[in-house]
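J.: The file below is start25.txt, compact mmCIF, C-alpha atoms (C1' of nucleotides):
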# COMPACT_ATOMS: atom_id res chain seq x y z
CA MET A 1 0.00 0.00 0.00
CA GLU A 2 1.25 3.42 -0.77
CA ALA A 3 -0.42 5.44 2.01
CA LYS A 4 0.60 3.43 5.04
CA PRO A 5 -1.93 3.39 7.84
CA LEU A 6 -1.02 4.07 11.42
CA THR A 7 -0.85 0.95 13.49
CA GLU A 8 -3.21 0.53 16.39
CA PRO A 9 -0.59 1.09 19.11
CA VAL A 10 0.60 4.28 17.44
CA LEU A 11 -2.93 5.55 17.05
CA LEU A 12 -3.68 4.88 20.71
CA ILE A 13 -0.53 6.67 21.83
CA LEU A 14 -1.26 9.72 19.72
CA THR A 15 -4.85 9.79 20.92
CA SER A 16 -3.71 9.53 24.50
CA LEU A 17 -1.37 12.46 24.04
CA ALA A 18 -3.97 14.52 22.20
CA ASN A 19 -5.35 16.41 25.18
CA GLN A 20 -2.33 16.46 27.49
CA PRO A 21 1.32 15.38 27.79
CA ARG A 22 1.94 12.05 29.48
CA HIS A 23 4.82 9.81 30.41
CA GLY A 24 5.15 6.12 29.53
CA TYR A 25 3.44 4.49 32.42
CA ALA A 26 0.61 7.02 32.33
CA LEU A 27 0.13 6.21 28.65
CA LEU A 28 -0.18 2.54 29.49
CA LYS A 29 -2.90 3.25 32.03
CA ASP A 30 -4.72 5.78 29.92
CA ILE A 31 -4.77 3.52 26.87
CA GLU A 32 -6.18 0.76 28.99
CA GLY A 33 -9.03 3.12 29.79
CA LEU A 34 -9.48 4.34 26.21
CA SER A 35 -10.88 1.01 25.13
CA GLY A 36 -12.76 0.25 28.29
CA GLY A 37 -10.03 -1.83 29.87
CA ARG A 38 -9.93 -4.25 26.95
CA VAL A 39 -6.57 -3.21 25.54
CA ARG A 40 -3.40 -3.67 27.56
CA MET A 41 -0.28 -2.57 25.74
CA SER A 42 3.03 -4.20 26.62
CA THR A 43 6.01 -2.04 27.44
CA GLY A 44 7.85 -3.61 24.53
CA THR A 45 5.24 -2.21 22.19
CA LEU A 46 5.05 1.14 23.93
CA PHE A 47 8.70 2.08 24.13
CA GLY A 48 9.42 0.82 20.64
CA ALA A 49 6.61 2.95 19.30
CA LEU A 50 7.69 5.98 21.35
CA ARG A 51 11.21 5.77 19.95
CA ARG A 52 9.90 5.73 16.41
CA LEU A 53 7.50 8.59 17.06
CA LEU A 54 10.35 10.66 18.44
CA GLU A 55 12.52 9.86 15.43
CA ASP A 56 9.74 10.91 13.11
CA GLY A 57 9.12 14.10 15.06
CA TRP A 58 5.50 13.31 15.82
CA ILE A 59 6.04 13.66 19.55
CA GLU A 60 8.67 15.44 21.62
CA PRO A 61 9.97 15.27 25.19
CA PHE A 62 8.09 17.51 27.55
CA GLU A 63 9.75 18.97 30.63
CA GLN A 64 7.63 18.83 33.69
CA MET A 65 8.07 20.20 37.18
CA ASP A 66 7.77 16.89 38.94
CA THR A 67 11.34 15.77 39.51
CA SER A 68 10.48 13.34 42.29
CA ARG A 69 10.68 10.33 40.01
CA GLN A 70 12.35 9.08 36.90
CA LYS A 71 9.73 10.20 34.43
CA GLN A 72 9.87 11.41 30.88
CA ALA A 73 6.73 12.99 29.58
CA TYR A 74 5.95 13.44 25.89
CA ARG A 75 3.62 15.67 23.95
CA LEU A 76 2.38 15.87 20.39
CA THR A 77 4.19 18.08 17.93
CA THR A 78 2.26 20.02 15.33
CA VAL A 79 3.13 17.34 12.83
CA GLY A 80 1.93 14.58 15.13
CA ARG A 81 -1.33 16.36 15.75
CA ARG A 82 -1.93 16.77 12.06
CA GLN A 83 -1.16 13.09 11.43
CA LEU A 84 -3.61 12.05 14.10
CA GLN A 85 -6.27 14.25 12.61
CA MET A 86 -5.70 12.78 9.16
CA GLU A 87 -5.74 9.24 10.43
CA LEU A 88 -8.97 9.79 12.34
CA ASP A 89 -10.54 11.23 9.22
CA ARG A 90 -9.47 8.19 7.25
CA MET A 91 -10.78 5.81 9.86
CA ARG A 92 -14.11 7.57 10.02
CA GLN A 93 -14.45 7.27 6.27
CA LEU A 94 -13.58 3.57 6.32
CA THR A 95 -15.95 2.86 9.17
CA ARG A 96 -18.78 4.57 7.32
CA ALA A 97 -18.06 2.65 4.14
CA GLY A 98 -17.93 -0.57 6.10
CA PHE A 99 -21.22 -0.04 7.88
CA ALA A 100 -22.86 1.01 4.64
CA ARG A 101 -21.86 -2.25 2.99
CA LEU A 102 -22.91 -4.35 5.93
CA ARG A 103 -26.30 -2.66 5.87
CA ALA A 104 -26.54 -3.09 2.12
CA SER A 105 -26.20 -6.84 2.46
CA GLU A 106 -28.82 -7.14 5.14
CA VAL A 107 -31.61 -6.51 2.67
CA MET B 1 -2.42 -6.22 23.60
CA GLU B 2 -4.92 -8.84 24.44
CA ALA B 3 -7.69 -7.95 21.98
CA LYS B 4 -5.74 -7.89 18.73
CA PRO B 5 -7.02 -5.40 16.20
CA LEU B 6 -7.60 -6.29 12.59
CA THR B 7 -4.91 -5.00 10.31
CA GLU B 8 -5.79 -2.52 7.65
CA PRO B 9 -5.50 -4.95 4.72
CA VAL B 10 -7.72 -7.49 6.47
CA LEU B 11 -10.29 -4.84 7.29
CA LEU B 12 -10.37 -3.66 3.70
CA ILE B 13 -10.81 -7.17 2.38
CA LEU B 14 -13.66 -7.94 4.75
CA THR B 15 -15.33 -4.64 3.94
CA SER B 16 -14.98 -5.32 0.25
CA LEU B 17 -16.63 -8.71 0.66
CA ALA B 18 -19.38 -7.34 2.90
CA ASN B 19 -21.96 -6.67 0.22
CA GLN B 20 -21.01 -9.29 -2.37
CA PRO B 21 -18.56 -12.11 -3.13
CA ARG B 22 -15.47 -11.16 -5.09
CA HIS B 23 -12.36 -12.77 -6.47
CA GLY B 24 -8.80 -11.59 -5.88
CA TYR B 25 -8.34 -9.15 -8.67
CA ALA B 26 -11.78 -7.65 -8.11
CA LEU B 27 -10.84 -7.13 -4.46
CA LEU B 28 -7.75 -5.25 -5.53
CA LYS B 29 -9.77 -2.91 -7.71
CA ASP B 30 -12.58 -2.48 -5.25
CA ILE B 31 -10.23 -1.68 -2.38
CA GLU B 32 -8.54 0.89 -4.54
CA GLY B 33 -11.94 2.54 -4.86
CA LEU B 34 -12.84 2.19 -1.17
CA SER B 35 -10.28 4.79 -0.21
CA GLY B 36 -10.71 7.03 -3.20
CA GLY B 37 -7.89 5.53 -5.22
CA ARG B 38 -5.32 6.25 -2.53
CA VAL B 39 -4.75 2.69 -1.39
CA ARG B 40 -3.22 0.13 -3.74
CA MET B 41 -2.77 -3.27 -2.19
CA SER B 42 -0.02 -5.52 -3.50
CA THR B 43 -0.85 -9.09 -4.49
CA GLY B 44 1.63 -10.30 -1.91
CA THR B 45 -0.44 -8.68 0.79
CA LEU B 46 -3.74 -9.78 -0.67
CA PHE B 47 -3.12 -13.47 -1.19
CA GLY B 48 -1.30 -13.84 2.09
CA ALA B 49 -4.23 -12.28 3.90
CA LEU B 50 -6.75 -14.37 1.95
CA ARG B 51 -4.98 -17.57 2.92
CA ARG B 52 -5.09 -16.60 6.58
CA LEU B 53 -8.73 -15.58 6.40
CA LEU B 54 -9.59 -18.95 4.86
CA GLU B 55 -7.65 -20.78 7.55
CA ASP B 56 -9.49 -18.84 10.22
CA GLY B 57 -12.85 -19.48 8.59
CA TRP B 58 -13.70 -15.82 8.16
CA ILE B 59 -14.18 -16.23 4.43
CA GLU B 60 -14.93 -19.21 2.22
CA PRO B 61 -14.63 -20.07 -1.47
CA PHE B 62 -17.68 -19.15 -3.46
CA GLU B 63 -18.63 -21.07 -6.59
CA GLN B 64 -19.72 -18.92 -9.43
CA MET B 65 -21.13 -19.71 -12.85
CA ASP B 66 -18.50 -17.87 -14.81
CA THR B 67 -16.00 -20.54 -15.85
CA SER B 68 -14.48 -18.54 -18.67
CA ARG B 69 -11.43 -17.59 -16.63
CA GLN B 70 -9.30 -18.79 -13.79
CA LYS B 71 -11.14 -17.09 -10.97
CA GLN B 72 -11.77 -17.98 -7.37
CA ALA B 73 -14.37 -15.90 -5.64
CA TYR B 74 -14.70 -15.61 -1.87
CA ARG B 75 -17.48 -14.57 0.43
CA LEU B 76 -17.80 -13.75 4.11
CA THR B 77 -18.77 -16.49 6.53
CA THR B 78 -21.06 -15.73 9.44
CA VAL B 79 -18.00 -15.56 11.64
CA GLY B 80 -16.24 -13.16 9.29
CA ARG B 81 -19.27 -10.92 9.13
CA ARG B 82 -19.49 -10.78 12.89
CA GLN B 83 -15.79 -9.98 13.18
CA LEU B 84 -16.14 -7.15 10.71
CA GLN B 85 -19.07 -5.76 12.62
CA MET B 86 -17.14 -5.88 15.88
CA GLU B 87 -14.09 -4.25 14.39
CA LEU B 88 -16.13 -1.46 12.86
CA ASP B 89 -17.77 -0.85 16.23
CA ARG B 90 -14.36 -0.66 17.85
CA MET B 91 -13.04 1.71 15.23
CA ARG B 92 -16.04 3.98 15.56
CA GLN B 93 -15.51 4.15 19.28
CA LEU B 94 -11.81 4.94 18.91
CA THR B 95 -12.44 7.60 16.30
CA ARG B 96 -14.95 9.29 18.54
CA ALA B 97 -12.60 9.23 21.49
CA GLY B 98 -9.81 10.61 19.31
CA PHE B 99 -11.84 13.49 17.92
CA ALA B 100 -13.14 14.30 21.39
CA ARG B 101 -9.60 14.66 22.69
CA LEU B 102 -8.44 16.69 19.75
CA ARG B 103 -11.35 19.06 20.27
CA ALA B 104 -10.69 19.21 24.00
CA SER B 105 -7.17 20.48 23.40
CA GLU B 106 -8.24 23.18 20.97
CA VAL B 107 -9.70 25.30 23.76
C1' DG C 1 11.62 -1.32 59.70
C1' DT C 2 10.38 -4.41 56.38
C1' DT C 3 7.60 -6.24 53.07
C1' DT C 4 4.46 -5.52 49.35
C1' DA C 5 2.13 -3.42 45.45
C1' DA C 6 1.89 0.19 42.36
C1' DC C 7 4.87 3.14 39.90
C1' DA C 8 8.34 3.61 36.25
C1' DT C 9 11.53 2.55 32.27
C1' DG C 10 13.65 -0.26 29.34
C1' DT C 11 15.80 -4.60 26.33
C1' DC C 12 15.64 -8.85 23.70
C1' DG C 13 14.24 -12.69 20.79
C1' DT C 14 10.51 -14.67 18.33
C1' DT C 15 6.84 -14.45 15.30
C1' DA C 16 3.77 -12.51 12.09
C1' DT C 17 2.79 -9.50 8.51
C1' DG C 18 3.15 -6.26 4.92
C1' DC C 19 4.98 -5.32 0.75
C1' DG C 20 7.67 -4.88 -3.49
C1' DA C 21 9.52 -7.62 -7.08
C1' DC C 22 9.22 -11.31 -9.77
C1' DA C 23 6.82 -15.04 -12.36
C1' DT C 24 3.22 -16.89 -15.35
C1' DG C 25 -0.62 -17.12 -18.08
C1' DT C 26 -5.42 -15.59 -20.44
C1' DC C 27 -8.43 -12.74 -23.04
C1' DG C 28 -10.24 -9.13 -25.98
C1' DA C 29 -9.51 -5.10 -28.73
C1' DG C 30 -7.37 -2.74 -32.32
C1' DC D 1 -0.16 -10.14 -33.65
C1' DT D 2 0.67 -7.28 -30.15
C1' DC D 3 -0.53 -4.81 -26.16
C1' DG D 4 -2.82 -3.75 -21.97
C1' DA D 5 -6.10 -5.21 -18.71
C1' DC D 6 -7.33 -9.31 -16.32
C1' DA D 7 -5.93 -12.95 -13.10
C1' DT D 8 -3.26 -15.65 -9.60
C1' DG D 9 0.51 -16.61 -7.13
C1' DT D 10 5.60 -16.95 -4.66
C1' DC D 11 9.72 -15.23 -2.34
C1' DG D 12 12.65 -12.59 0.54
C1' DC D 13 13.40 -8.53 3.22
C1' DA D 14 12.17 -5.32 6.59
C1' DT D 15 9.50 -3.88 10.36
C1' DA D 16 6.56 -4.05 14.21
C1' DA D 17 4.10 -6.23 17.90
C1' DC D 18 4.41 -8.68 21.86
C1' DG D 19 5.58 -11.44 25.88
C1' DA D 20 9.18 -12.21 28.97
C1' DC D 21 12.70 -10.57 31.39
C1' DA D 22 15.36 -7.07 33.96
C1' DT D 23 15.91 -3.16 37.20
C1' DG D 24 14.98 0.27 40.32
C1' DT D 25 11.75 3.67 43.24
C1' DT D 26 8.14 5.21 46.33
C1' DA D 27 4.36 4.95 49.50
C1' DA D 28 1.46 2.46 52.36
C1' DA D 29 0.36 -1.23 55.38
C1' DC D 30 1.60 -4.23 58.96
How does the structure come out when it is put into structure tokens?

T.:
Amino acid sequence: MEAKPLTEPVLLILTSLANQPRHGYALLKDIEGLSGGRVRMSTGTLFGALRRLLEDGWIEPFEQMDTSRQKQAYRLTTVGRRQLQMELDRMRQLTRAGFARLRASEV
Amino acid sequence: MEAKPLTEPVLLILTSLANQPRHGYALLKDIEGLSGGRVRMSTGTLFGALRRLLEDGWIEPFEQMDTSRQKQAYRLTTVGRRQLQMELDRMRQLTRAGFARLRASEV
DNA sequence: GTTTAACATGTCGTTATGCGACATGTCGAG
DNA sequence: CTCGACATGTCGCATAACGACATGTTAAAC
């Protein structure tokens, strides 16, 4: 395929970062909530994806006041936000097309 | 992740089969249309995915009258249809959550 | 004060999948 | 007869997900 889709883990991470910066462990917890506790991402998946997102400039490190623990928070860059928006648009379109066809066959 | 998401190619194939049986090449063309000509699936992706879908019983061979060419059509099984439905539901939920968060950060 | 559970980050090896490139052949139009 | 659309398939490489493992911290409970 020419226009590569975002993978599910990446989409969840971007969505989780959409309204506020978060660090790794917080992402794990938030993502668990995003799908009603059904999705539990492994750290292997998370940190691999974070590294790639950093390399691509979709997210960036975010300095926070809390120095009490070893934490590294991340936030969306402008690019990352735009990518998320585009991907959501694409998904919405696909979902609509899918439901339309399912309905069409129920006649 | 415990509840593995369908991959994009698989989703597109199932959606394409949702309203009528199709053979490989027809799937390729239809999928190209599904995303407004943006997505072009390679045959490597298609036939690999088809084999897996058959193994999993999500699709099944469909006998058609047209014997003029070497064609093998496929159609959704009940299981496959249910899976598609579930995945579309999940996607709709995720898209909504994503848009909600994007909007929330625009304030 | 020590044990326990939640918090927190990361690596590594296996497995699965996507995908481009290649291969092969048919059919109809011009 | 040739060319492009139709049609199916394989192979090897690269990448990503994922579970398991590893390591350390902090706060609460006992």

J.: Is it possible to see chain A as an mmCIF file with C-alpha atoms, in the coordinates of the input, once it has been laid onto chain B by a least-squares fit on every C-alpha atom in order?

T.:
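Written out: result-v5.cif:
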data_model
loop_
_atom_site.group_PDB
_atom_site.id
_atom_site.type_symbol
_atom_site.label_atom_id
_atom_site.label_comp_id
_atom_site.auth_asym_id
_atom_site.auth_seq_id
_atom_site.Cartn_x
_atom_site.Cartn_y
_atom_site.Cartn_z
ATOM 1 C CA MET A 1 -2.301 -6.282 23.537
ATOM 2 C CA GLU A 2 -4.801 -8.901 24.401
ATOM 3 C CA ALA A 3 -7.607 -8.055 21.950
ATOM 4 C CA LYS A 4 -5.682 -7.934 18.703
ATOM 5 C CA PRO A 5 -6.980 -5.443 16.183
ATOM 6 C CA LEU A 6 -7.592 -6.317 12.581
ATOM 7 C CA THR A 7 -4.914 -5.024 10.301
ATOM 8 C CA GLU A 8 -5.808 -2.521 7.638
ATOM 9 C CA PRO A 9 -5.517 -4.948 4.706
ATOM 10 C CA VAL A 10 -7.740 -7.475 6.454
ATOM 11 C CA LEU A 11 -10.305 -4.839 7.290
ATOM 12 C CA LEU A 12 -10.388 -3.638 3.691
ATOM 13 C CA ILE A 13 -10.826 -7.167 2.374
ATOM 14 C CA LEU A 14 -13.668 -7.926 4.748
ATOM 15 C CA THR A 15 -15.336 -4.627 3.932
ATOM 16 C CA SER A 16 -15.003 -5.314 0.244
ATOM 17 C CA LEU A 17 -16.642 -8.693 0.655
ATOM 18 C CA ALA A 18 -19.388 -7.326 2.888
ATOM 19 C CA ASN A 19 -21.977 -6.674 0.199
ATOM 20 C CA GLN A 20 -21.017 -9.277 -2.402
ATOM 21 C CA PRO A 21 -18.566 -12.107 -3.149
ATOM 22 C CA ARG A 22 -15.472 -11.159 -5.113
ATOM 23 C CA HIS A 23 -12.353 -12.763 -6.483
ATOM 24 C CA GLY A 24 -8.786 -11.570 -5.891
ATOM 25 C CA TYR A 25 -8.316 -9.148 -8.691
ATOM 26 C CA ALA A 26 -11.764 -7.655 -8.140
ATOM 27 C CA LEU A 27 -10.846 -7.122 -4.493
ATOM 28 C CA LEU A 28 -7.740 -5.245 -5.540
ATOM 29 C CA LYS A 29 -9.768 -2.914 -7.733
ATOM 30 C CA ASP A 30 -12.589 -2.468 -5.282
ATOM 31 C CA ILE A 31 -10.247 -1.674 -2.401
ATOM 32 C CA GLU A 32 -8.551 0.900 -4.544
ATOM 33 C CA GLY A 33 -11.945 2.542 -4.886
ATOM 34 C CA LEU A 34 -12.863 2.201 -1.205
ATOM 35 C CA SER A 35 -10.314 4.796 -0.211
ATOM 36 C CA GLY A 36 -10.730 7.024 -3.204
ATOM 37 C CA GLY A 37 -7.886 5.531 -5.193
ATOM 38 C CA ARG A 38 -5.351 6.265 -2.468
ATOM 39 C CA VAL A 39 -4.760 2.694 -1.346
ATOM 40 C CA ARG A 40 -3.247 0.151 -3.708
ATOM 41 C CA MET A 41 -2.766 -3.255 -2.151
ATOM 42 C CA SER A 42 -0.018 -5.509 -3.475
ATOM 43 C CA THR A 43 -0.829 -9.059 -4.452
ATOM 44 C CA GLY A 44 1.653 -10.257 -1.859
ATOM 45 C CA THR A 45 -0.447 -8.637 0.827
ATOM 46 C CA LEU A 46 -3.738 -9.757 -0.656
ATOM 47 C CA PHE A 47 -3.104 -13.442 -1.169
ATOM 48 C CA GLY A 48 -1.304 -13.795 2.136
ATOM 49 C CA ALA A 49 -4.252 -12.234 3.899
ATOM 50 C CA LEU A 50 -6.762 -14.349 1.956
ATOM 51 C CA ARG A 51 -4.974 -17.539 2.967
ATOM 52 C CA ARG A 52 -5.110 -16.570 6.613
ATOM 53 C CA LEU A 53 -8.756 -15.556 6.407
ATOM 54 C CA LEU A 54 -9.598 -18.914 4.882
ATOM 55 C CA GLU A 55 -7.666 -20.740 7.592
ATOM 56 C CA ASP A 56 -9.522 -18.818 10.251
ATOM 57 C CA GLY A 57 -12.867 -19.468 8.594
ATOM 58 C CA TRP A 58 -13.724 -15.809 8.160
ATOM 59 C CA ILE A 59 -14.206 -16.200 4.426
ATOM 60 C CA GLU A 60 -14.947 -19.191 2.220
ATOM 61 C CA PRO A 61 -14.629 -20.062 -1.469
ATOM 62 C CA PHE A 62 -17.677 -19.145 -3.467
ATOM 63 C CA GLU A 63 -18.634 -21.058 -6.597
ATOM 64 C CA GLN A 64 -19.699 -18.879 -9.424
ATOM 65 C CA MET A 65 -21.121 -19.623 -12.841
ATOM 66 C CA ASP A 66 -18.431 -17.846 -14.779
ATOM 67 C CA THR A 67 -16.005 -20.569 -15.788
ATOM 68 C CA SER A 68 -14.449 -18.587 -18.621
ATOM 69 C CA ARG A 69 -11.405 -17.654 -16.580
ATOM 70 C CA GLN A 70 -9.262 -18.845 -13.750
ATOM 71 C CA LYS A 71 -11.099 -17.107 -10.953
ATOM 72 C CA GLN A 72 -11.768 -17.975 -7.364
ATOM 73 C CA ALA A 73 -14.358 -15.882 -5.643
ATOM 74 C CA TYR A 74 -14.703 -15.608 -1.871
ATOM 75 C CA ARG A 75 -17.480 -14.564 0.444
ATOM 76 C CA LEU A 76 -17.803 -13.760 4.119
ATOM 77 C CA THR A 77 -18.801 -16.488 6.521
ATOM 78 C CA THR A 78 -21.082 -15.727 9.430
ATOM 79 C CA VAL A 79 -18.038 -15.553 11.642
ATOM 80 C CA GLY A 80 -16.274 -13.157 9.299
ATOM 81 C CA ARG A 81 -19.294 -10.913 9.139
ATOM 82 C CA ARG A 82 -19.529 -10.785 12.891
ATOM 83 C CA GLN A 83 -15.815 -9.978 13.190
ATOM 84 C CA LEU A 84 -16.162 -7.147 10.723
ATOM 85 C CA GLN A 85 -19.095 -5.762 12.624
ATOM 86 C CA MET A 86 -17.171 -5.887 15.891
ATOM 87 C CA GLU A 87 -14.115 -4.281 14.397
ATOM 88 C CA LEU A 88 -16.143 -1.463 12.872
ATOM 89 C CA ASP A 89 -17.770 -0.852 16.227
ATOM 90 C CA ARG A 90 -14.372 -0.673 17.868
ATOM 91 C CA MET A 91 -13.030 1.684 15.254
ATOM 92 C CA ARG A 92 -16.013 3.969 15.556
ATOM 93 C CA GLN A 93 -15.491 4.156 19.293
ATOM 94 C CA LEU A 94 -11.789 4.926 18.906
ATOM 95 C CA THR A 95 -12.420 7.557 16.275
ATOM 96 C CA ARG A 96 -14.943 9.279 18.517
ATOM 97 C CA ALA A 97 -12.577 9.224 21.470
ATOM 98 C CA GLY A 98 -9.813 10.588 19.296
ATOM 99 C CA PHE A 99 -11.835 13.460 17.905
ATOM 100 C CA ALA A 100 -13.124 14.290 21.360
ATOM 101 C CA ARG A 101 -9.590 14.646 22.676
ATOM 102 C CA LEU A 102 -8.428 16.672 19.726
ATOM 103 C CA ARG A 103 -11.349 19.026 20.248
ATOM 104 C CA ALA A 104 -10.669 19.177 23.966
ATOM 105 C CA SER A 105 -7.170 20.467 23.342
ATOM 106 C CA GLU A 106 -8.258 23.141 20.933
ATOM 107 C CA VAL A 107 -9.722 25.239 23.715
#

J.: With all atoms listed in the file as the counted atoms, please give the residues lying no more than 8 Å from Leu17 (chain A), apart from itself and same-chain residues fewer than 6 positions off, as a list of chain:residue names.

T.: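 What passes the distance filter is A:Leu27, A:Tyr74, A:Arg75, A:Leu76.
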
J.: With a cut-off of 8 Å and counting only C-alpha atoms (C1' of nucleotides), select all residues of chain A in contact with chain C and give the selection as a ChimeraX atom specification.

T.: /A:1,24-25,47,70-71

J.: May I ask which of the residues A:Gly57, A:Val79, A:Glu106, A:Arg101 is the closest one to chain B, counting all atoms listed in the file?

T.: A:Arg101

J.: Pull out every residue of chain D that has at least one atom within 10 Å of chain A, counting only C-alpha atoms (C1' of nucleotides), and report them as a ChimeraX atom specification.

T.: /D:16-20,24-26

J.: Please identify all residues of chain B having at least one atom at most 6 Å from any atom of chain A, considering all atoms listed in the file, and return them as a VMD selection string.

T.: chain B and resid 1 to 2 15 18 to 19 39 to 41 88 95 98 101 to 102 105

J.: Could you tell me which of D:DA28, D:DA14, D:DT2, D:DG9 comes closest to Leu50 (chain B) if we count only C-alpha atoms (C1' of nucleotides)?

T.: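 Looking only at the distances to Leu50 (chain B), the closest residue turns out to be D:DG9.
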
J.: So what do you get for CA of His23 (chain B) versus CA of Ile59 (chain B), distance-wise?

T.: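 Taking CA of His23 (chain B) and CA of Ile59 (chain B), their separation equals 11.6 Å.
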
J.: So how far away is C1' of DC13 (chain D) from CA of Trp58 (chain A), in Å?

T.: 26.4 Å

J.: For CA of Val10 (chain A) and CA of Leu28 (chain B), quote the distance in Å rounded to one decimal.

T.: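 Separation between CA of Val10 (chain A) and CA of Leu28 (chain B): 26.2 Å.
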
J.: Axis-aligned box over every listed atom of region 5-21 of chain C, padded by 6 Å per side: centre and edges in Å to one decimal, as lines of an AutoDock Vina configuration file?

T.:
center_x = 8.8
center_y = -5.5
center_z = 19.2
size_x = 25.9
size_y = 30.3
size_z = 64.5
